[in-house]
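What's in my_file_36.pdb: PDB, C-alpha atoms (C1' of nucleotides)
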```pdb
ATOM      1  CA  MET M 309      30.259  -8.712   7.319
ATOM      2  CA  GLN M 310      28.397  -8.145  10.564
ATOM      3  CA  ILE M 311      29.837  -7.572  13.994
ATOM      4  CA  LYS M 312      29.018 -11.067  15.262
ATOM      5  CA  GLU M 313      30.811 -12.665  12.340
ATOM      6  CA  ALA M 314      33.754 -10.350  12.798
ATOM      7  CA  VAL M 315      33.959 -11.202  16.496
ATOM      8  CA  ALA M 316      33.779 -14.891  15.622
ATOM      9  CA  ALA M 317      36.607 -14.531  13.121
ATOM     10  CA  LEU M 318      38.721 -12.431  15.464
ATOM     11  CA  SER M 319      38.091 -14.810  18.360
ATOM     12  CA  ALA M 320      39.158 -17.670  16.169
ATOM     13  CA  LEU M 321      42.450 -15.921  15.445
ATOM     14  CA  ALA M 322      42.957 -14.551  18.953
ATOM     15  CA  GLN M 323      44.601 -17.647  20.315
ATOM     16  CA  GLU M 324      48.197 -18.564  19.795
ATOM     17  CA  SER M 325      47.671 -22.151  18.688
ATOM     18  CA  ARG M 326      44.898 -21.191  16.335
ATOM     19  CA  LEU M 327      46.732 -18.245  14.872
ATOM     20  CA  ALA M 328      49.670 -20.569  14.256
ATOM     21  CA  VAL M 329      47.357 -23.062  12.574
ATOM     22  CA  PHE M 330      45.849 -20.361  10.410
ATOM     23  CA  ARG M 331      49.208 -18.992   9.388
ATOM     24  CA  HIS M 332      50.411 -22.495   8.664
ATOM     25  CA  LEU M 333      47.443 -22.905   6.328
ATOM     26  CA  VAL M 334      47.964 -19.483   4.786
ATOM     27  CA  GLU M 335      51.496 -20.535   3.940
ATOM     28  CA  ALA M 336      50.353 -23.936   2.747
ATOM     29  CA  GLY M 337      48.206 -22.162   0.183
ATOM     30  CA  PRO M 338      45.219 -23.681  -1.599
ATOM     31  CA  ALA M 339      46.787 -27.137  -1.352
ATOM     32  CA  GLY M 340      46.135 -27.017   2.388
ATOM     33  CA  ASP M 341      47.235 -29.631   4.891
ATOM     34  CA  THR M 342      45.874 -32.509   6.965
ATOM     35  CA  PRO M 343      45.106 -32.395  10.693
ATOM     36  CA  GLY M 344      47.743 -35.042  11.291
ATOM     37  CA  ASN M 345      50.461 -32.961   9.666
ATOM     38  CA  ILE M 346      49.366 -29.780  11.343
ATOM     39  CA  ALA M 347      49.204 -31.378  14.777
ATOM     40  CA  ALA M 348      52.661 -32.863  14.376
ATOM     41  CA  SER M 349      54.041 -29.633  12.994
ATOM     42  CA  LEU M 350      52.689 -27.540  15.867
ATOM     43  CA  GLY M 351      53.045 -30.106  18.636
ATOM     44  CA  VAL M 352      49.484 -30.254  19.893
ATOM     45  CA  ALA M 353      47.279 -33.255  20.594
ATOM     46  CA  PRO M 354      45.051 -34.332  17.709
ATOM     47  CA  SER M 355      41.927 -33.713  19.751
ATOM     48  CA  THR M 356      43.123 -30.236  20.621
ATOM     49  CA  LEU M 357      43.877 -29.474  17.011
ATOM     50  CA  SER M 358      40.480 -30.742  15.977
ATOM     51  CA  PHE M 359      38.901 -28.377  18.463
ATOM     52  CA  HIS M 360      40.833 -25.467  17.002
ATOM     53  CA  LEU M 361      40.104 -26.390  13.410
ATOM     54  CA  LYS M 362      36.438 -26.499  14.216
ATOM     55  CA  GLU M 363      36.647 -23.015  15.656
ATOM     56  CA  LEU M 364      38.403 -21.725  12.560
ATOM     57  CA  ALA M 365      35.897 -23.473  10.316
ATOM     58  CA  ASN M 366      32.938 -22.100  12.269
ATOM     59  CA  ALA M 367      34.378 -18.654  11.809
ATOM     60  CA  GLY M 368      34.612 -19.323   8.089
ATOM     61  CA  LEU M 369      38.364 -18.826   8.026
ATOM     62  CA  VAL M 370      39.221 -22.309   6.849
ATOM     63  CA  ALA M 371      37.513 -24.806   4.591
ATOM     64  CA  SER M 372      37.837 -28.561   4.572
ATOM     65  CA  ARG M 373      37.571 -31.179   1.890
ATOM     66  CA  SER M 374      38.292 -34.871   1.654
ATOM     67  CA  ALA M 375      40.966 -36.602  -0.357
ATOM     68  CA  SER M 376      41.266 -40.340  -0.064
ATOM     69  CA  ARG M 377      41.077 -41.120   3.623
ATOM     70  CA  TYR M 378      42.457 -37.725   4.669
ATOM     71  CA  HIS M 379      40.789 -34.458   5.461
ATOM     72  CA  ILE M 380      42.408 -31.391   4.032
ATOM     73  CA  TYR M 381      42.023 -27.953   5.529
ATOM     74  CA  SER M 382      42.888 -24.735   3.747
ATOM     75  CA  ALA M 383      42.646 -21.034   4.492
ATOM     76  CA  ASP M 384      39.799 -18.995   3.086
ATOM     77  CA  TYR M 385      41.488 -15.932   1.636
ATOM     78  CA  GLU M 386      38.261 -14.178   0.807
ATOM     79  CA  ARG M 387      37.030 -14.414   4.367
ATOM     80  CA  MET M 388      40.330 -13.090   5.614
ATOM     81  CA  ALA M 389      40.084 -10.170   3.221
ATOM     82  CA  ALA M 390      36.486  -9.520   4.275
ATOM     83  CA  LEU M 391      37.603  -9.322   7.885
ATOM     84  CA  MET M 392      40.313  -6.826   7.033
ATOM     85  CA  THR M 393      37.846  -4.734   5.127
ATOM     86  CA  TYR M 394      35.482  -4.763   8.070
ATOM     87  CA  LEU M 395      38.181  -3.615  10.453
ATOM     88  CA  SER M 396      39.037  -0.582   8.417
ATOM     89  CA  GLN M 397      35.502   0.313   7.396
ATOM     90  CA  ASN M 398      34.560   3.939   7.822
ATOM     91  CA  CYS M 399      38.069   4.842   8.771
ATOM     92  CA  CYS M 400      38.853   8.527   8.457
ATOM     93  CA  ARG M 401      35.218   9.531   8.491
ATOM     94  CA  GLY M 402      35.121  13.278   8.696
ATOM     95  CA  GLN M 403      38.911  13.542   8.914
ATOM     96  CA  PRO M 404      40.183  12.056   5.676
ATOM     97  CA  ASP M 405      43.307  14.159   5.778
ATOM     98  CA  GLU M 406      44.652  12.044   8.604
ATOM     99  CA  CYS M 407      44.009   8.709   7.007
ATOM    100  CA  LEU M 408      46.905   6.364   6.727
ATOM    101  CA  THR M 409      48.132   6.093   3.168
ATOM    102  CA  PRO M 410      48.759   2.826   1.379
ATOM    103  CA  ALA M 411      52.374   3.846   0.959
ATOM    104  CA  GLU M 412      52.810   4.000   4.706
ATOM    105  CA  THR M 413      51.472   0.546   5.360
ATOM    106  CA  GLY M 414      51.800  -1.511   2.265
ATOM    107  CA  LEU M 415      48.064  -2.048   2.494
ATOM    108  CA  SER M 416      45.173   0.151   1.662
ATOM    109  CA  ALA M 417      43.655   0.896   5.031
ATOM    110  CA  CYS M 418      40.453   2.024   3.385
ATOM    111  CA  PRO M 419      38.199  -0.300   1.395
ATOM    112  CA  PRO M 420      36.305   0.921  -1.669
ATOM    113  CA  SER M 421      33.226   1.707   0.429
ATOM    114  CA  SER M 422      35.077   4.522   2.175
ATOM    115  CA  PRO M 423      37.823   5.561  -0.193
ATOM    116  CA  CYS M 424      40.807   7.268   1.285
ATOM    117  CA  PRO M 425      42.096  10.407  -0.371
ATOM    118  CA  PRO M 426      45.824  11.124  -0.444
ATOM    119  CA  ALA M 427      47.070  12.225   2.963
ATOM    120  CA  LYS M 428      47.981  15.848   3.429
ATOM    121  CA  LYS M 429      50.349  17.024   6.053
ATOM    122  CA  GLY M 430      48.019  18.465   8.707
ATOM    123  CA  LYS M 431      48.194  17.040  12.239
ATOM    124  CA  ALA M 432      45.345  16.119  14.576
ATOM    125  CA  PRO M 433      44.599  18.683  17.328
TER
ATOM    126  CA  MET A 767      54.885  -7.821  14.404
ATOM    127  CA  GLN A 768      55.317 -10.999  16.418
ATOM    128  CA  ILE A 769      52.769 -13.648  17.169
ATOM    129  CA  LYS A 770      52.261 -12.584  20.793
ATOM    130  CA  GLU A 771      51.534  -9.022  19.755
ATOM    131  CA  ALA A 772      49.199 -10.221  17.043
ATOM    132  CA  VAL A 773      47.337 -12.426  19.505
ATOM    133  CA  ALA A 774      47.105  -9.498  21.906
ATOM    134  CA  ALA A 775      45.686  -7.252  19.190
ATOM    135  CA  LEU A 776      43.275  -9.916  17.945
ATOM    136  CA  SER A 777      42.163 -10.728  21.494
ATOM    137  CA  ALA A 778      41.529  -7.080  22.085
ATOM    138  CA  LEU A 779      39.264  -6.946  19.053
ATOM    139  CA  ALA A 780      37.658 -10.337  19.612
ATOM    140  CA  GLN A 781      34.998  -9.102  21.977
ATOM    141  CA  GLU A 782      31.828  -7.418  20.918
ATOM    142  CA  SER A 783      32.007  -4.445  23.274
ATOM    143  CA  ARG A 784      35.625  -3.825  22.459
ATOM    144  CA  LEU A 785      35.197  -4.192  18.734
ATOM    145  CA  ALA A 786      32.365  -1.686  18.951
ATOM    146  CA  VAL A 787      34.591   0.671  20.916
ATOM    147  CA  PHE A 788      37.380   0.316  18.397
ATOM    148  CA  ARG A 789      35.096   0.911  15.449
ATOM    149  CA  HIS A 790      33.612   3.896  17.226
ATOM    150  CA  LEU A 791      37.113   5.304  17.546
ATOM    151  CA  VAL A 792      37.994   4.435  13.962
ATOM    152  CA  GLU A 793      34.977   6.438  12.878
ATOM    153  CA  ALA A 794      35.779   9.230  15.277
ATOM    154  CA  GLY A 795      39.119   9.628  13.504
ATOM    155  CA  PRO A 796      42.175  11.315  14.977
ATOM    156  CA  ALA A 797      39.964  13.603  17.051
ATOM    157  CA  GLY A 798      39.027  10.578  19.148
ATOM    158  CA  ASP A 799      36.486  10.544  21.943
ATOM    159  CA  THR A 800      36.237  10.505  25.729
ATOM    160  CA  PRO A 801      35.412   7.465  27.885
ATOM    161  CA  GLY A 802      32.278   9.212  29.081
ATOM    162  CA  ASN A 803      30.968   9.693  25.568
ATOM    163  CA  ILE A 804      31.912   6.205  24.476
ATOM    164  CA  ALA A 805      30.307   4.586  27.513
ATOM    165  CA  ALA A 806      27.097   6.535  26.996
ATOM    166  CA  SER A 807      27.112   5.835  23.282
ATOM    167  CA  LEU A 808      27.568   2.087  23.740
ATOM    168  CA  GLY A 809      25.595   1.677  26.937
ATOM    169  CA  VAL A 810      28.226   0.091  29.149
ATOM    170  CA  ALA A 811      29.268   0.981  32.707
ATOM    171  CA  PRO A 812      32.199   3.373  32.973
ATOM    172  CA  SER A 813      34.264   0.814  34.851
ATOM    173  CA  THR A 814      33.575  -1.766  32.171
ATOM    174  CA  LEU A 815      34.545   0.655  29.437
ATOM    175  CA  SER A 816      37.715   1.545  31.273
ATOM    176  CA  PHE A 817      38.598  -2.132  31.416
ATOM    177  CA  HIS A 818      38.092  -2.463  27.675
ATOM    178  CA  LEU A 819      40.003   0.679  26.823
ATOM    179  CA  LYS A 820      42.910  -0.609  28.846
ATOM    180  CA  GLU A 821      42.859  -3.835  26.872
ATOM    181  CA  LEU A 822      42.843  -1.953  23.584
ATOM    182  CA  ALA A 823      45.619   0.327  24.780
ATOM    183  CA  ASN A 824      47.731  -2.600  25.972
ATOM    184  CA  ALA A 825      47.357  -4.128  22.549
ATOM    185  CA  GLY A 826      48.536  -0.850  21.035
ATOM    186  CA  LEU A 827      45.328  -0.363  19.084
ATOM    187  CA  VAL A 828      44.332   2.878  20.753
ATOM    188  CA  ALA A 829      46.261   5.801  22.171
ATOM    189  CA  SER A 830      45.190   8.212  24.861
ATOM    190  CA  ARG A 831      45.978  11.815  25.555
ATOM    191  CA  SER A 832      44.658  14.450  27.924
ATOM    192  CA  ALA A 833      42.763  17.580  27.044
ATOM    193  CA  SER A 834      41.591  19.759  29.874
ATOM    194  CA  ARG A 835      40.073  17.422  32.429
ATOM    195  CA  TYR A 836      39.136  14.810  29.860
ATOM    196  CA  HIS A 837      40.983  11.842  28.513
ATOM    197  CA  ILE A 838      40.757  11.312  24.794
ATOM    198  CA  TYR A 839      41.210   7.963  23.158
ATOM    199  CA  SER A 840      41.835   7.467  19.473
ATOM    200  CA  ALA A 841      42.505   4.545  17.163
ATOM    201  CA  ASP A 842      46.041   3.754  16.092
ATOM    202  CA  TYR A 843      45.759   3.273  12.348
ATOM    203  CA  GLU A 844      49.325   2.158  11.928
ATOM    204  CA  ARG A 845      48.895  -0.631  14.425
ATOM    205  CA  MET A 846      45.732  -1.739  12.721
ATOM    206  CA  ALA A 847      47.533  -1.814   9.391
ATOM    207  CA  ALA A 848      50.431  -3.745  10.921
ATOM    208  CA  LEU A 849      48.007  -6.360  12.169
ATOM    209  CA  MET A 850      46.451  -6.728   8.736
ATOM    210  CA  THR A 851      49.853  -7.094   7.189
ATOM    211  CA  TYR A 852      50.741  -9.781   9.692
ATOM    212  CA  LEU A 853      47.601 -11.745   8.957
ATOM    213  CA  SER A 854      48.287 -11.912   5.263
ATOM    214  CA  GLN A 855      52.027 -12.442   5.503
ATOM    215  CA  ASN A 856      53.422 -15.228   3.391
ATOM    216  CA  CYS A 857      50.085 -15.779   1.765
ATOM    217  CA  CYS A 858      50.257 -17.672  -1.491
ATOM    218  CA  ARG A 859      53.678 -19.084  -0.762
ATOM    219  CA  GLY A 860      54.439 -21.596  -3.454
ATOM    220  CA  GLN A 861      51.046 -21.145  -5.063
ATOM    221  CA  PRO A 862      50.910 -17.508  -6.140
ATOM    222  CA  ASP A 863      48.490 -18.300  -8.943
ATOM    223  CA  GLU A 864      45.736 -18.839  -6.430
ATOM    224  CA  CYS A 865      46.283 -15.688  -4.469
ATOM    225  CA  LEU A 866      43.343 -13.400  -4.058
ATOM    226  CA  THR A 867      43.669 -10.308  -6.192
ATOM    227  CA  PRO A 868      43.198  -6.794  -4.879
ATOM    228  CA  ALA A 869      40.384  -6.345  -7.345
ATOM    229  CA  GLU A 870      38.465  -9.171  -5.723
ATOM    230  CA  THR A 871      38.671  -7.788  -2.233
ATOM    231  CA  GLY A 872      39.212  -4.090  -2.418
ATOM    232  CA  LEU A 873      42.348  -4.687  -0.372
ATOM    233  CA  SER A 874      45.700  -6.018  -1.299
ATOM    234  CA  ALA A 875      45.831  -9.360   0.461
ATOM    235  CA  CYS A 876      49.574  -9.463   0.080
ATOM    236  CA  PRO A 877      51.918  -6.963   1.711
ATOM    237  CA  PRO A 878      55.095  -5.808  -0.038
ATOM    238  CA  SER A 879      57.140  -8.520   1.676
ATOM    239  CA  SER A 880      55.338 -11.207  -0.313
ATOM    240  CA  PRO A 881      54.006  -9.487  -3.400
ATOM    241  CA  CYS A 882      51.065 -11.060  -5.109
ATOM    242  CA  PRO A 883      51.213 -11.500  -8.854
ATOM    243  CA  PRO A 884      48.051 -11.185 -10.922
ATOM    244  CA  ALA A 885      45.821 -14.227 -10.484
ATOM    245  CA  LYS A 886      45.545 -16.676 -13.338
ATOM    246  CA  LYS A 887      42.627 -18.937 -13.798
ATOM    247  CA  GLY A 888      43.953 -22.310 -12.585
ATOM    248  CA  LYS A 889      42.102 -24.077  -9.780
ATOM    249  CA  ALA A 890      43.504 -25.832  -6.713
ATOM    250  CA  PRO A 891      43.587 -29.652  -6.925
TER
ATOM    251  C1'  DT X 471      42.203  24.850  49.712
ATOM    252  C1'  DG X 472      38.203  22.366  48.689
ATOM    253  C1'  DC X 473      34.460  20.980  45.490
ATOM    254  C1'  DA X 474      32.755  18.788  41.332
ATOM    255  C1'  DT X 475      33.262  15.840  37.712
ATOM    256  C1'  DA X 476      35.836  12.350  34.887
ATOM    257  C1'  DT X 477      38.199   8.298  34.986
ATOM    258  C1'  DT X 478      40.425   4.358  36.882
ATOM    259  C1'  DT X 479      41.349   0.627  40.262
ATOM    260  C1'  DC X 480      39.770  -2.976  43.217
ATOM    261  C1'  DC X 481      36.844  -6.764  44.105
ATOM    262  C1'  DA X 482      33.981 -10.754  43.490
ATOM    263  C1'  DG X 483      30.921 -13.612  41.004
ATOM    264  C1'  DA X 484      29.394 -15.680  36.559
ATOM    265  C1'  DA X 485      30.530 -17.258  32.221
ATOM    266  C1'  DT X 486      33.515 -18.849  28.653
ATOM    267  C1'  DT X 487      37.594 -21.206  26.865
ATOM    268  C1'  DA X 488      41.763 -24.366  26.336
ATOM    269  C1'  DT X 489      43.536 -28.676  27.003
ATOM    270  C1'  DC X 490      44.042 -33.638  26.378
ATOM    271  C1'  DG X 491      42.885 -38.742  27.270
ATOM    272  C1'  DA X 492      39.587 -42.094  26.073
ATOM    273  C1'  DA X 493      36.103 -43.616  23.248
ATOM    274  C1'  DA X 494      33.369 -43.175  18.938
ATOM    275  C1'  DT X 495      33.012 -42.304  13.980
ATOM    276  C1'  DG X 496      34.262 -42.572   9.110
ATOM    277  C1'  DA X 497      36.550 -44.085   4.839
ATOM    278  C1'  DG X 498      39.284 -46.993   2.219
ATOM    279  C1'  DC X 499      41.500 -51.464   1.491
ATOM    280  C1'  DG X 500      42.453 -56.377   1.622
TER
ATOM    281  C1'  DC B1447      33.131 -58.135   5.959
ATOM    282  C1'  DG B1448      36.277 -56.637   9.106
ATOM    283  C1'  DC B1449      40.859 -54.230   9.834
ATOM    284  C1'  DT B1450      43.382 -50.044  10.130
ATOM    285  C1'  DC B1451      44.375 -45.580  10.373
ATOM    286  C1'  DA B1452      42.824 -40.578  10.445
ATOM    287  C1'  DT B1453      39.910 -37.651  12.631
ATOM    288  C1'  DT B1454      36.280 -36.140  15.657
ATOM    289  C1'  DT B1455      33.338 -36.163  19.853
ATOM    290  C1'  DC B1456      32.849 -36.564  24.808
ATOM    291  C1'  DG B1457      33.977 -35.443  29.446
ATOM    292  C1'  DA B1458      36.368 -33.368  33.090
ATOM    293  C1'  DT B1459      39.610 -29.978  34.830
ATOM    294  C1'  DA B1460      42.182 -25.740  34.944
ATOM    295  C1'  DA B1461      42.668 -21.211  33.554
ATOM    296  C1'  DT B1462      41.122 -16.904  31.772
ATOM    297  C1'  DT B1463      37.803 -13.260  30.895
ATOM    298  C1'  DC B1464      33.724 -10.148  31.339
ATOM    299  C1'  DT B1465      30.958  -7.476  34.191
ATOM    300  C1'  DG B1466      29.527  -3.574  37.209
ATOM    301  C1'  DG B1467      29.336  -1.568  42.054
ATOM    302  C1'  DA B1468      32.089   0.797  45.407
ATOM    303  C1'  DA B1469      35.980   3.227  46.454
ATOM    304  C1'  DA B1470      40.217   5.679  45.070
ATOM    305  C1'  DT B1471      42.633   9.003  42.078
ATOM    306  C1'  DA B1472      43.229  13.017  39.083
ATOM    307  C1'  DT B1473      42.288  17.471  37.087
ATOM    308  C1'  DG B1474      40.592  21.995  36.737
ATOM    309  C1'  DC B1475      38.079  25.704  38.730
ATOM    310  C1'  DA B1476      36.059  28.891  42.335
TER
END
```
The structure given in the file should be rewritten as structure tokens.
Amino acid sequence: MQIKEAVAALSALAQESRLAVFRHLVEAGPAGDTPGNIAASLGVAPSTLSFHLKELANAGLVASRSASRYHIYSADYERMAALMTYLSQNCCRGQPDECLTPAETGLSACPPSSPCPPAKKGKAP
Amino acid sequence: MQIKEAVAALSALAQESRLAVFRHLVEAGPAGDTPGNIAASLGVAPSTLSFHLKELANAGLVASRSASRYHIYSADYERMAALMTYLSQNCCRGQPDECLTPAETGLSACPPSSPCPPAKKGKAP
DNA sequence: TGCATATTTCCAGAATTATCGAAATGAGCG
DNA sequence: CGCTCATTTCGATAATTCTGGAAATATGCA
């Protein structure tokens, strides 16, 4: 992922309505949901929701498909994971001892490209 | 983490200069860096950088401390990890079979609060 | 104390974004 | 073929954000 794509994805999520939409779709899972349902569920105008869905789609965070006369949007889990990887890339460079451990966060803060050794107990100066 | 905090953190990162600053600090590790160095390294005016650092600090993504006559900013890895956890919360609900596996991403897409079973091979409808 | 340097605050202008009503588009169904 | 409903596009307005120059503040040192 490149910085422009990352900014696009982060911008897409950096807005309360859109973050709510995205989380709604994350919870909906691969089955996704229709704009009508989402708009009703979040209480925004259909045109507003359409604007937000387009933003999310442009950022690659959601995908759409058609089923009968409905459109169905769903979250793109791979894109989400790619964004997370980008954010933590090169963490700990030169100071691996201080890197956050998976146990502390529930997530690995370091992707495979910059593996994170077990934390020791030293403190930063 | 609550939605307002998440939006604040995402907004802070959703800007090219600021994302570059944050990544610079992530690479710098716990040792951090001074505004002067960061501004020179990224080619932005000191006042502009100060504005961005304040945004990142308000979002809790960076911390600052003083050393001699310098200020030193550093990335807050825990906050970053909390944001990632928030983004993937409740993923797969009701459809765990489709959840992205750690092996596919290099990251666990599912935090401990909604553990992600091994993916099977079924496809979404 | 007073100077030098690092950093932040204040200000104003330019650019971008969020919102929703009204109108246009698209897809199925009778 | 034309109706109907779901969704998107258009347009206009309001609000927010990014930017850097100038001035203010802070810190250490002579």
Using only C-alpha atoms (C1' of nucleotides), pick whichever of A:Ser830, A:Ser807, A:Ser813, A:Gln781 has the shortest atom-to-atom distance to DG1467 (chain B). A:Ser813
Selection result of the PyMOL selection byres ((chain M and resi 357-362) around 10) on this file, as a ChimeraX atom specification: /M:320-321,323,325-327,329-330,343-344,346-348,350-356,363-372,381 /X:488-489 /B:1453-1455
Residues returned when the PyMOL selection byres ((chain X and resi 494) around 10) runs on this file, as a ChimeraX atom specification: /X:492-493,495-496 /B:1454-1456
Write the residues of the preceding selection, restricted to C-alpha atoms (C1' of nucleotides), as a compact mmCIF listing (two decimals), in the coordinates of the input.
```txt
# COMPACT_ATOMS: atom_id res chain seq x y z
C1' DA X 492 39.59 -42.09 26.07
C1' DA X 493 36.10 -43.62 23.25
C1' DT X 495 33.01 -42.30 13.98
C1' DG X 496 34.26 -42.57 9.11
C1' DT B 1454 36.28 -36.14 15.66
C1' DT B 1455 33.34 -36.16 19.85
C1' DC B 1456 32.85 -36.56 24.81
```
Between M:Gln397, M:Ser319, M:Thr342, M:Ser374, which is the closest to chain A once you count only C-alpha atoms?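 Result for the nearest residue to chain A: M:Ser319.
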What separates CA of Ser854 (chain A) and CA of Glu771 (chain A) is a distance of 15.1 Å
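If you look at CA of Tyr385 (chain M) and CA of Ala847 (chain A), they are 17.2 Å away from each other.
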Applying the PyMOL selection byres ((chain X) within 9 of (chain A)) to the file I just gave you, which residues come out? Please list them as a ChimeraX atom specification. /X:475-479
CA of Asn803 (chain A) to C1' of DT1473 (chain B): how many Å, to one decimal?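 Between these atoms lies a distance of 17.9 Å.
The part of chain B that reaches within 8 Å of chain A is made up of B:DT1465, B:DG1466, B:DT1473, B:DG1474, counting only C-alpha atoms (C1' of nucleotides).
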